[in-house]
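protein.cif (mmCIF, C-alpha atoms)
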```
data_work
loop_
_atom_site.group_PDB
_atom_site.id
_atom_site.type_symbol
_atom_site.label_atom_id
_atom_site.label_comp_id
_atom_site.auth_asym_id
_atom_site.auth_seq_id
_atom_site.Cartn_x
_atom_site.Cartn_y
_atom_site.Cartn_z
ATOM 1 C CA MET K 1 -62.020 21.386 -39.549
ATOM 2 C CA ARG K 2 -59.834 20.818 -36.534
ATOM 3 C CA ILE K 3 -60.883 22.453 -33.303
ATOM 4 C CA LEU K 4 -58.557 22.296 -30.331
ATOM 5 C CA PRO K 5 -60.022 22.231 -26.829
ATOM 6 C CA GLN K 6 -59.672 25.500 -24.989
ATOM 7 C CA VAL K 7 -57.475 25.128 -21.950
ATOM 8 C CA SER K 8 -58.089 28.551 -20.443
ATOM 9 C CA LYS K 9 -60.759 31.214 -20.470
ATOM 10 C CA ASP K 10 -57.957 33.599 -21.518
ATOM 11 C CA ILE K 11 -57.795 31.825 -24.897
ATOM 12 C CA ASP K 12 -59.802 32.887 -27.933
ATOM 13 C CA THR K 13 -60.087 31.114 -31.258
ATOM 14 C CA ILE K 14 -59.769 32.670 -34.680
ATOM 15 C CA ARG K 15 -61.037 30.768 -37.687
ATOM 16 C CA MET K 16 -58.737 30.379 -40.668
ATOM 17 C CA GLU K 17 -60.819 29.506 -43.683
ATOM 18 C CA LYS K 18 -59.853 26.877 -46.223
ATOM 19 C CA GLN K 19 -58.544 29.674 -48.440
ATOM 20 C CA LYS K 20 -55.658 31.118 -46.438
ATOM 21 C CA LYS K 21 -54.444 34.719 -46.504
ATOM 22 C CA ILE K 22 -50.683 34.408 -46.932
ATOM 23 C CA ALA K 23 -48.097 37.190 -46.618
ATOM 24 C CA LEU K 24 -44.865 36.774 -48.616
ATOM 25 C CA VAL K 25 -41.795 38.773 -47.607
ATOM 26 C CA ALA K 26 -38.104 38.449 -48.484
ATOM 27 C CA HIS K 27 -35.012 40.483 -47.789
ATOM 28 C CA ASP K 28 -32.969 41.505 -50.837
ATOM 29 C CA ASN K 29 -30.501 38.606 -50.601
ATOM 30 C CA ARG K 30 -33.390 36.126 -50.368
ATOM 31 C CA LYS K 31 -35.685 37.399 -53.141
ATOM 32 C CA SER K 32 -34.462 34.833 -55.662
ATOM 33 C CA ASP K 33 -35.049 32.093 -53.045
ATOM 34 C CA ILE K 34 -38.647 33.121 -52.427
ATOM 35 C CA LEU K 35 -39.262 33.404 -56.182
ATOM 36 C CA ASP K 36 -37.976 29.843 -56.650
ATOM 37 C CA TRP K 37 -40.158 28.629 -53.769
ATOM 38 C CA VAL K 38 -43.269 30.396 -55.050
ATOM 39 C CA ARG K 39 -42.595 29.121 -58.583
ATOM 40 C CA PHE K 40 -42.379 25.544 -57.274
ATOM 41 C CA ASN K 41 -45.590 25.991 -55.213
ATOM 42 C CA LYS K 42 -47.490 28.195 -57.668
ATOM 43 C CA GLY K 43 -50.353 25.713 -58.058
ATOM 44 C CA SER K 44 -50.942 25.491 -54.326
ATOM 45 C CA LEU K 45 -50.466 29.207 -53.695
ATOM 46 C CA SER K 46 -52.867 30.199 -56.493
ATOM 47 C CA LYS K 47 -55.731 28.783 -54.367
ATOM 48 C CA HIS K 48 -55.035 31.300 -51.609
ATOM 49 C CA ILE K 49 -55.059 35.087 -51.179
ATOM 50 C CA LEU K 50 -51.539 36.469 -51.388
ATOM 51 C CA TYR K 51 -50.057 39.603 -49.872
ATOM 52 C CA GLY K 52 -46.518 40.903 -50.187
ATOM 53 C CA THR K 53 -44.247 43.769 -49.364
ATOM 54 C CA GLY K 54 -43.556 46.123 -52.268
ATOM 55 C CA THR K 55 -40.632 44.641 -54.157
ATOM 56 C CA THR K 56 -41.256 41.006 -53.208
ATOM 57 C CA GLY K 57 -44.933 41.208 -54.106
ATOM 58 C CA GLY K 58 -44.121 42.958 -57.367
ATOM 59 C CA LEU K 59 -41.567 40.335 -58.375
ATOM 60 C CA ILE K 60 -43.996 37.500 -57.657
ATOM 61 C CA ALA K 61 -46.804 39.190 -59.587
ATOM 62 C CA ASP K 62 -44.649 40.246 -62.553
ATOM 63 C CA GLU K 63 -42.500 37.133 -62.933
ATOM 64 C CA LEU K 64 -44.993 34.449 -61.932
ATOM 65 C CA GLY K 65 -48.341 35.995 -62.842
ATOM 66 C CA LEU K 66 -49.921 35.543 -59.423
ATOM 67 C CA LYS K 67 -52.244 38.159 -57.980
ATOM 68 C CA VAL K 68 -50.543 39.734 -54.954
ATOM 69 C CA HIS K 69 -51.988 42.509 -52.808
ATOM 70 C CA ARG K 70 -48.964 44.739 -52.330
ATOM 71 C CA PHE K 71 -47.955 46.850 -49.381
ATOM 72 C CA ARG K 72 -45.064 49.291 -49.213
ATOM 73 C CA SER K 73 -41.484 48.091 -49.278
ATOM 74 C CA GLY K 74 -40.423 46.642 -45.903
ATOM 75 C CA PRO K 75 -38.126 49.519 -44.888
ATOM 76 C CA LEU K 76 -40.835 52.018 -45.897
ATOM 77 C CA GLY K 77 -43.498 50.510 -43.642
ATOM 78 C CA GLY K 78 -44.529 47.328 -45.453
ATOM 79 C CA ASP K 79 -43.532 45.104 -42.519
ATOM 80 C CA GLN K 80 -45.654 47.262 -40.233
ATOM 81 C CA GLN K 81 -48.588 47.142 -42.645
ATOM 82 C CA ILE K 82 -48.444 43.355 -42.623
ATOM 83 C CA GLY K 83 -48.200 43.414 -38.819
ATOM 84 C CA ALA K 84 -51.346 45.538 -38.676
ATOM 85 C CA LYS K 85 -53.179 43.045 -40.908
ATOM 86 C CA ILE K 86 -52.076 40.217 -38.608
ATOM 87 C CA CYS K 87 -53.545 42.142 -35.627
ATOM 88 C CA GLU K 88 -56.787 42.588 -37.552
ATOM 89 C CA ASN K 89 -56.875 38.838 -38.354
ATOM 90 C CA GLU K 90 -56.595 39.597 -42.061
ATOM 91 C CA ILE K 91 -53.421 37.546 -42.542
ATOM 92 C CA ASP K 92 -53.304 33.889 -41.511
ATOM 93 C CA PHE K 93 -49.824 32.863 -42.512
ATOM 94 C CA LEU K 94 -46.394 34.459 -42.982
ATOM 95 C CA ILE K 95 -43.614 33.287 -45.289
ATOM 96 C CA PHE K 96 -40.654 35.550 -44.508
ATOM 97 C CA PHE K 97 -37.353 34.616 -46.094
ATOM 98 C CA TRP K 98 -35.105 36.899 -44.059
ATOM 99 C CA ASP K 99 -31.384 37.236 -44.328
ATOM 100 C CA PRO K 100 -29.826 36.334 -40.954
ATOM 101 C CA MET K 101 -26.364 37.426 -42.111
ATOM 102 C CA ALA K 102 -27.146 41.005 -43.131
ATOM 103 C CA ALA K 103 -28.038 43.865 -40.838
ATOM 104 C CA GLN K 104 -31.249 45.530 -41.929
ATOM 105 C CA PRO K 105 -32.007 49.210 -41.393
ATOM 106 C CA HIS K 106 -35.486 48.190 -40.275
ATOM 107 C CA ASP K 107 -34.511 45.321 -37.929
ATOM 108 C CA VAL K 108 -36.853 46.650 -35.247
ATOM 109 C CA ASP K 109 -39.768 46.384 -37.697
ATOM 110 C CA VAL K 110 -38.788 42.809 -38.549
ATOM 111 C CA LYS K 111 -38.654 41.919 -34.854
ATOM 112 C CA ALA K 112 -42.052 43.550 -34.296
ATOM 113 C CA LEU K 113 -43.549 41.590 -37.211
ATOM 114 C CA LEU K 114 -42.244 38.298 -35.824
ATOM 115 C CA ARG K 115 -43.470 39.222 -32.331
ATOM 116 C CA LEU K 116 -46.982 39.933 -33.628
ATOM 117 C CA SER K 117 -46.936 36.627 -35.484
ATOM 118 C CA ALA K 118 -46.239 34.883 -32.176
ATOM 119 C CA VAL K 119 -48.831 36.924 -30.241
ATOM 120 C CA TYR K 120 -51.548 36.126 -32.802
ATOM 121 C CA ASN K 121 -50.353 32.520 -33.209
ATOM 122 C CA ILE K 122 -49.996 32.484 -36.972
ATOM 123 C CA PRO K 123 -47.742 30.000 -38.756
ATOM 124 C CA VAL K 124 -44.413 31.556 -39.781
ATOM 125 C CA ALA K 125 -41.714 30.191 -42.055
ATOM 126 C CA CYS K 126 -38.357 31.962 -42.109
ATOM 127 C CA ASN K 127 -36.665 29.468 -44.405
ATOM 128 C CA ARG K 128 -37.501 27.182 -47.296
ATOM 129 C CA ALA K 129 -37.585 23.942 -45.299
ATOM 130 C CA THR K 130 -40.194 25.305 -42.897
ATOM 131 C CA ALA K 131 -42.189 26.809 -45.773
ATOM 132 C CA ASP K 132 -42.140 23.414 -47.524
ATOM 133 C CA PHE K 133 -43.466 21.666 -44.423
ATOM 134 C CA MET K 134 -46.161 24.296 -43.900
ATOM 135 C CA ILE K 135 -47.474 24.358 -47.458
ATOM 136 C CA SER K 136 -47.573 20.564 -47.643
ATOM 137 C CA SER K 137 -49.490 20.215 -44.362
ATOM 138 C CA VAL K 138 -52.979 18.711 -44.541
ATOM 139 C CA LEU K 139 -54.114 21.795 -42.599
ATOM 140 C CA MET K 140 -53.469 23.988 -45.671
ATOM 141 C CA ASP K 141 -56.564 22.636 -47.402
ATOM 142 C CA GLU K 142 -59.067 22.866 -44.582
ATOM 143 C CA ALA K 143 -60.453 25.403 -42.163
ATOM 144 C CA TYR K 144 -58.608 25.652 -38.868
ATOM 145 C CA GLU K 145 -59.359 27.248 -35.508
ATOM 146 C CA ARG K 146 -56.158 28.762 -34.161
ATOM 147 C CA GLN K 147 -55.983 29.671 -30.532
ATOM 148 C CA ILE K 148 -54.685 33.000 -29.328
ATOM 149 C CA ILE K 149 -54.100 34.217 -25.824
ATOM 150 C CA ASP K 150 -56.349 37.167 -25.019
ATOM 151 C CA TYR K 151 -53.728 39.343 -23.387
ATOM 152 C CA SER K 152 -56.299 42.045 -22.633
ATOM 153 C CA LYS K 153 -57.950 39.666 -20.156
ATOM 154 C CA ILE K 154 -54.617 38.791 -18.596
ATOM 155 C CA PHE K 155 -53.540 42.436 -18.278
ATOM 156 C CA ALA K 156 -56.931 43.374 -16.807
ATOM 157 C CA LYS K 157 -56.280 40.940 -13.936
ATOM 158 C CA ASN K 158 -52.985 42.617 -12.999
#
```
Output the file's structure as structure tokens, nothing else.
Amino acid sequence: MRILPQVSKDIDTIRMEKQKKIALVAHDNRKSDILDWVRFNKGSLSKHILYGTGTTGGLIADELGLKVHRFRSGPLGGDQQIGAKICENEIDFLIFFWDPMAAQPHDVDVKALLRLSAVYNIPVACNRATADFMISSVLMDEAYERQIIDYSKIFAKN
């Protein structure tokens, strides 16, 4: 397990276990891309706990036979449900194949999900190349202590 030195007393660490909790999300125009990626990485992903928004999670479960804990569809609150799980440290990792060329009716939810991913310092892949690098990292198969800024301590000072 890799442990990074704490550089500030405003930093906390959250342990990611060897078995990661991975959220899988894809906009409509990217669903076939995420299915191809999951199919290619099925062996690796089957070792982890998978979550997905409604349609994406259903496609992965039905077409690839992987167990996926499903939330609502993204526009119906699924993105927010995943964000809540990130805040509760119940999701370690986000693979979100979003469509940068199409306006989404729930763009504010997407932005909030990405913001929470940054606040809680979880790895995020928004495209296949990044997802490939992340899943092939040596860190995928070991526990990891990720550092997060404790904003409550910072805000208490102000």
Point out the residue among K:Glu88, K:Phe97, K:Asp62, K:Leu45 with the least atom-to-atom distance to Ala129 in chain K, counting all atoms listed in the file.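 Counting all atoms listed in the file, the residue closest to Ala129 in chain K is K:Phe97.
Using all atoms listed in the file, the protein and nucleic acid residues lying no more than 12 Å from Ala112 in chain K, apart from those fewer than 2 places from it along its own chain, are K:Gly77, K:Asp79, K:Gln80, K:Gln81, K:Ile82, K:Gly83, K:Ala84, K:Ile86, K:Cys87, K:His106, K:Asp107, K:Val108, K:Asp109, K:Val110, K:Leu114, K:Arg115, K:Leu116, K:Ser117, K:Ala118, K:Val119.
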Residue nearest Pro75 in chain K among K:His27, K:Arg39, K:Lys9, K:Lys153 (counting all atoms listed in the file): K:His27
Report, in Å with one decimal, the straight-line distance from CA of Ser46 in chain K to CA of Lys67 in chain K.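 Separation of CA of Ser46 in chain K and CA of Lys67 in chain K: 8.1 Å.
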Taking 3 positions as the minimum chain separation for residues in the same chain, which residues sit within 6 Å of Val25 in chain K when counting all atoms listed in the file? Answer as a CSV table (one decimal) with C-alpha atoms, in the frame of the given file.
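Listing of out_22.csv after writing:
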```csv
chain,number,residue,atom,x,y,z
K,52,GLY,CA,-46.5,40.9,-50.2
K,53,THR,CA,-44.2,43.8,-49.4
K,96,PHE,CA,-40.7,35.6,-44.5
```
Expansion of the PyMOL selection byres ((chain K and resi 146) around 10) into residues, as a PDB file with C-alpha atoms, in the coordinates of the input:
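Ended up saving to expr38.pdb:
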```
ATOM      1  CA  ARG K   2     -59.834  20.818 -36.534  1.00  0.00           C
ATOM      2  CA  ILE K   3     -60.883  22.453 -33.303  1.00  0.00           C
ATOM      3  CA  LEU K   4     -58.557  22.296 -30.331  1.00  0.00           C
ATOM      4  CA  ILE K  11     -57.795  31.825 -24.897  1.00  0.00           C
ATOM      5  CA  ASP K  12     -59.802  32.887 -27.933  1.00  0.00           C
ATOM      6  CA  THR K  13     -60.087  31.114 -31.258  1.00  0.00           C
ATOM      7  CA  ILE K  14     -59.769  32.670 -34.680  1.00  0.00           C
ATOM      8  CA  ARG K  15     -61.037  30.768 -37.687  1.00  0.00           C
ATOM      9  CA  MET K  16     -58.737  30.379 -40.668  1.00  0.00           C
ATOM     10  CA  ASP K  92     -53.304  33.889 -41.511  1.00  0.00           C
ATOM     11  CA  TYR K 120     -51.548  36.126 -32.802  1.00  0.00           C
ATOM     12  CA  ASN K 121     -50.353  32.520 -33.209  1.00  0.00           C
ATOM     13  CA  ILE K 122     -49.996  32.484 -36.972  1.00  0.00           C
ATOM     14  CA  PRO K 123     -47.742  30.000 -38.756  1.00  0.00           C
ATOM     15  CA  ALA K 143     -60.453  25.403 -42.163  1.00  0.00           C
ATOM     16  CA  TYR K 144     -58.608  25.652 -38.868  1.00  0.00           C
ATOM     17  CA  GLU K 145     -59.359  27.248 -35.508  1.00  0.00           C
ATOM     18  CA  GLN K 147     -55.983  29.671 -30.532  1.00  0.00           C
ATOM     19  CA  ILE K 148     -54.685  33.000 -29.328  1.00  0.00           C
TER      20      ILE K 148
END
```
How far is it from CA of Leu59 in chain K to CA of Asp141 in chain K, in Å with one decimal?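 Going from CA of Leu59 in chain K over to CA of Asp141 in chain K covers 25.7 Å.
For the set K:Leu139, K:Ala102, K:Ile60, K:Val124, the residue with the smallest atom-to-atom gap to Asn41 in chain K is K:Ile60, counting only C-alpha atoms.
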So that I can see what lies close to Gly43 in chain K, please list as a CSV table (one decimal) with C-alpha atoms, keeping the file's coordinate frame the residues with an atom at most 12 Å from it, counting only C-alpha atoms and leaving out residues fewer than 3 positions away in the same chain.
```
chain,number,residue,atom,x,y,z
K,37,TRP,CA,-40.2,28.6,-53.8
K,38,VAL,CA,-43.3,30.4,-55.0
K,39,ARG,CA,-42.6,29.1,-58.6
K,40,PHE,CA,-42.4,25.5,-57.3
K,46,SER,CA,-52.9,30.2,-56.5
K,47,LYS,CA,-55.7,28.8,-54.4
K,48,HIS,CA,-55.0,31.3,-51.6
K,64,LEU,CA,-45.0,34.4,-61.9
K,65,GLY,CA,-48.3,36.0,-62.8
K,66,LEU,CA,-49.9,35.5,-59.4
K,135,ILE,CA,-47.5,24.4,-47.5
K,136,SER,CA,-47.6,20.6,-47.6
```
Compare K:Lys20, K:Arg30, K:Lys111, K:Lys85 by their minimum atom-to-atom distance to Met134 in chain K, counting only C-alpha atoms, and give me the closest one.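 For Met134 in chain K, the nearest of the candidates is K:Lys20.
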Which value, in Å to one decimal, gives the distance between CA of Leu94 in chain K and CA of Leu50 in chain K?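 Between these atoms lies a distance of 10.1 Å.
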Take every atom of range 139-144 of chain K listed in the file, fit an axis-aligned box around them, add 3 Å per side, and give the centre and edge lengths in Å to one decimal as AutoDock Vina command-line options.
```
--center_x -57.0 --center_y 23.7 --center_z -43.1 --size_x 13.0 --size_y 9.9 --size_z 14.5
```
Which of these residues is nearest to Gly54 in chain K, using only C-alpha atoms: K:Cys126, K:Met101, K:Ile149, K:Ala26?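 So, comparing all the options, the nearest one is K:Ala26.
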